[in-house]
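**Student:** Pasting in a structure now, in structure tokens, and then I'll have a few things to ask.
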Amino acid sequence: MIASDLLTFPESLAVFADYFPLDGTPWSWIPQIEPALASFDWLRAQGHAAIPKGIHVKGKVYIHPSVKLPPMAVIEGPTWIGAGTEIRPNAYIRGRVIIGQNCVVGNACELKNSLLLDGAQVPHFNYVGDSILGEGAHLGAGVILANLRLDQANVPVRLPTGSMDSGLRKFGAIFGDHAEAGCNAVLQPGTVLGRKAVVMPSMPFGGYLPEGKMVYTKTETRIIDRRF
């Protein structure tokens with residue numbers, strides 16, 4: 001599997017393109033986020049001129065002038081936020097984050113060491129760590145991308161061809177372009193979703209979901225008499 005099987009790298013992030021080769025594995029992009037940000041010319045960049053007083057900004061942070069900012073949030077660097085993106089109240093961006101254009105980072109969401117390509121939406125109560133979200137990818141409310149195994153060993157990638165070591169101790173998920181996860185889904189470390197793949201709400205999922213496929217669980221709901 002190579003990155004181009006899942007992802008389209010947008011022109012809006014061309015300044016970082018050399019760090020995210022489409023012929024590499026998609027999970028190899030995760031450790032490239034930090035060096036990509038280190039290459040950016042922070043001193044010459046003309047960022048947002050009106051940061052609300054309630055936003056705490058620390059370190060090297062670039063916010064495009066057209067970004068919609070809330071009255072309160074925490075943005076730690078290095079972080080790069082592209083044109084037309086909306087940051088909503090109480091977002092917590094912990095650094096080593098690149099956000100493309102026209103994205104949404106919503107209420108009470110936490111991001112760290114992640115790359116969001118154009119149009120990706122993380123709108124409500126989400127955790128996104130050590131992950132890549134493709135163009136137009138979407139997380140329902142409460143979706144969690146777990147990024148660390150309980151035994152803290154390297155995270156494997158489970159593909160149809162077999163399991164392989166990602167070489168990463170922290171690895172959340174890769175969402176292909178327009179992939180989605182429904183409300184309160186929990187994705188296990190090393191999850192890979194193909195383009196337009198869907199994880200249905202309120203379920204755990206790990207491994208690989210091919211392009212255009214949907215995964216769900218069928219549960220029985222029973223109604224009985226109250227006995228107290």
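Each chain of the structure tokens is named A, B, ... in the order shown, its residues numbered from 1; ligands are numbered from 1 in display order.
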Can I get the residues of stretch 21-127 of chain A within 12 Å of stretch 182-186 of chain A, each with the closest pair of atoms and their distance in Å to one decimal, using only C-alpha atoms, sorted chain first then ascending number, as a tab-separated table?
**Tutor:**
```
residue	atom	partner	partner_atom	distance
A:Val122	CA	A:Cys183	CA	11.3
A:Pro123	CA	A:Cys183	CA	10.8
A:His124	CA	A:Cys183	CA	9.3
A:Phe125	CA	A:Asn184	CA	9.3
A:Asn126	CA	A:Asn184	CA	8.9
A:Tyr127	CA	A:Val186	CA	9.8
```
**Student:** Which residues are close to stretch 196-202 of chain A, i.e. within 6 Å by only C-alpha atoms, leaving aside same-chain residues fewer than 6 positions away? Reply as a CSV table (one decimal) with N, CA, C and O atoms, in the first residue's frame.
**Tutor:**
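Generated file (selection_21.csv):
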```csv
chain,number,residue,atom,x,y,z
A,178,HIS,N,-12.4,11.4,1.9
A,178,HIS,CA,-13.8,11.3,2.1
A,178,HIS,C,-14.2,10.1,2.9
A,178,HIS,O,-15.4,9.7,2.9
A,179,ALA,N,-13.3,9.5,3.7
A,179,ALA,CA,-13.7,8.4,4.6
A,179,ALA,C,-14.3,9.1,5.8
A,179,ALA,O,-14.1,10.2,6.1
A,180,GLU,N,-15.2,8.3,6.5
A,180,GLU,CA,-15.9,8.8,7.7
A,180,GLU,C,-16.0,7.8,8.8
A,180,GLU,O,-15.9,6.6,8.6
A,181,ALA,N,-16.2,8.3,10.0
A,181,ALA,CA,-16.5,7.5,11.2
A,181,ALA,C,-17.7,8.2,11.9
A,181,ALA,O,-17.7,9.4,12.1
A,182,GLY,N,-18.7,7.4,12.2
A,182,GLY,CA,-19.9,7.9,12.8
A,182,GLY,C,-19.7,8.2,14.3
A,182,GLY,O,-18.7,7.8,15.0
A,183,CYS,N,-20.7,8.9,14.9
A,183,CYS,CA,-20.6,9.4,16.3
A,183,CYS,C,-20.2,8.3,17.3
A,183,CYS,O,-20.7,7.2,17.2
A,184,ASN,N,-19.2,8.7,18.1
A,184,ASN,CA,-18.8,7.8,19.2
A,184,ASN,C,-18.1,6.5,18.8
A,184,ASN,O,-17.9,5.6,19.6
A,185,ALA,N,-17.7,6.4,17.6
A,185,ALA,CA,-16.8,5.3,17.2
A,185,ALA,C,-15.5,5.5,17.8
A,185,ALA,O,-15.0,6.6,17.9
A,211,GLU,N,-11.6,0.6,0.3
A,211,GLU,CA,-12.3,1.7,-0.3
A,211,GLU,C,-13.8,1.4,-0.6
A,211,GLU,O,-14.1,0.3,-1.0
A,212,GLY,N,-14.6,2.3,-0.2
A,212,GLY,CA,-16.0,2.2,-0.5
A,212,GLY,C,-16.8,1.2,0.3
A,212,GLY,O,-18.0,1.0,0.1
A,213,LYS,N,-16.2,0.7,1.4
A,213,LYS,CA,-16.8,-0.3,2.2
A,213,LYS,C,-17.3,0.4,3.5
A,213,LYS,O,-16.8,1.4,3.9
A,214,MET,N,-18.3,-0.3,4.1
A,214,MET,CA,-18.9,0.2,5.4
A,214,MET,C,-18.9,-0.9,6.4
A,214,MET,O,-19.2,-2.1,6.0
A,215,VAL,N,-18.5,-0.6,7.6
A,215,VAL,CA,-18.5,-1.6,8.7
A,215,VAL,C,-19.5,-1.2,9.8
A,215,VAL,O,-19.6,-0.1,10.2
A,216,TYR,N,-20.3,-2.2,10.3
A,216,TYR,CA,-21.2,-1.9,11.3
A,216,TYR,C,-21.4,-3.2,12.2
A,216,TYR,O,-21.0,-4.3,11.8
```
**Student:** With 10 Å as the cut-off and only C-alpha atoms counted, what is the closest atom pair between each nearby residue of stretch 129-184 of chain A and stretch 9-15 of chain A? Distances in Å to one decimal, ordered by chain and number, as CSV.
**Tutor:**
```
residue,atom,partner,partner_atom,distance
A:Gly134,CA,A:Phe9,CA,8.3
A:Glu135,CA,A:Pro10,CA,8.1
A:Asp177,CA,A:Phe9,CA,9.8
```
**Student:** Calculated over only C-alpha atoms, which of the candidates A:Pro156, A:Gly95, A:Gly167, A:Pro52 has the smallest distance to A:Pro31?
**Tutor:**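 Going through A:Pro156, A:Gly95, A:Gly167, A:Pro52 one by one, the smallest distance to A:Pro31 is for A:Gly167.
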**Student:** Name the closest residue to A:Tyr208 among the candidates A:Gly77, A:Pro65, A:Gly82, A:Gly176; distances are taken between atoms, counting only C-alpha atoms.
**Tutor:**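 Closest candidate: A:Gly176.
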**Student:** Which residue is closest to A:Arg96? Choose from A:Gln121, A:Ile51, A:Glu34, A:Glu110 and count only C-alpha atoms.
**Tutor:** A:Glu34
**Student:** So what do you get for atom CA of A:Ser28 versus atom CA of A:Gly190, distance-wise?
**Tutor:** 11.9 Å
**Student:** Please provide as a PyMOL selection string all residues within 9 Å of A:His48, with the sequence filter that same-chain residues fewer than 4 positions apart are discarded (counting only C-alpha atoms).
**Tutor:** chain A and resi 62-67
**Student:** In Å to one decimal, how far is atom CA of A:Ala3 from atom CA of A:Leu193?
**Tutor:**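 That distance, rounded to one decimal, is 11.7 Å.
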**Student:** Just the residues within 10 Å of A:Trp42, please, counting only C-alpha atoms, with nothing from its chain fewer than 6 positions along; format it as a VMD selection string.
**Tutor:** chain A and resid 60 to 62 78 80
**Student:** Mind dumping the selected residues with N, CA and C atoms as a compact mmCIF listing (two decimals), in the first residue's frame?
**Tutor:**
```
# COMPACT_ATOMS: atom_id res chain seq x y z
N LYS A 60 5.65 28.55 17.59
CA LYS A 60 5.55 28.91 16.17
C LYS A 60 4.21 28.47 15.62
N VAL A 61 3.37 29.47 15.32
CA VAL A 61 2.02 29.20 14.83
C VAL A 61 1.75 30.12 13.64
N TYR A 62 1.32 29.51 12.51
CA TYR A 62 0.87 30.29 11.35
C TYR A 62 -0.63 30.06 11.19
N PRO A 78 4.72 23.73 16.98
CA PRO A 78 4.50 24.28 15.65
C PRO A 78 3.17 23.82 15.07
N TRP A 80 0.39 24.90 11.66
CA TRP A 80 0.14 25.65 10.43
C TRP A 80 -1.32 25.43 10.06
```
**Student:** To test your reading of the structure, identify every residue in chain A that backbone DSSP assigns to alpha helix (DSSP H), and report it as a PyMOL selection string.
**Tutor:** chain A and resi 33-38
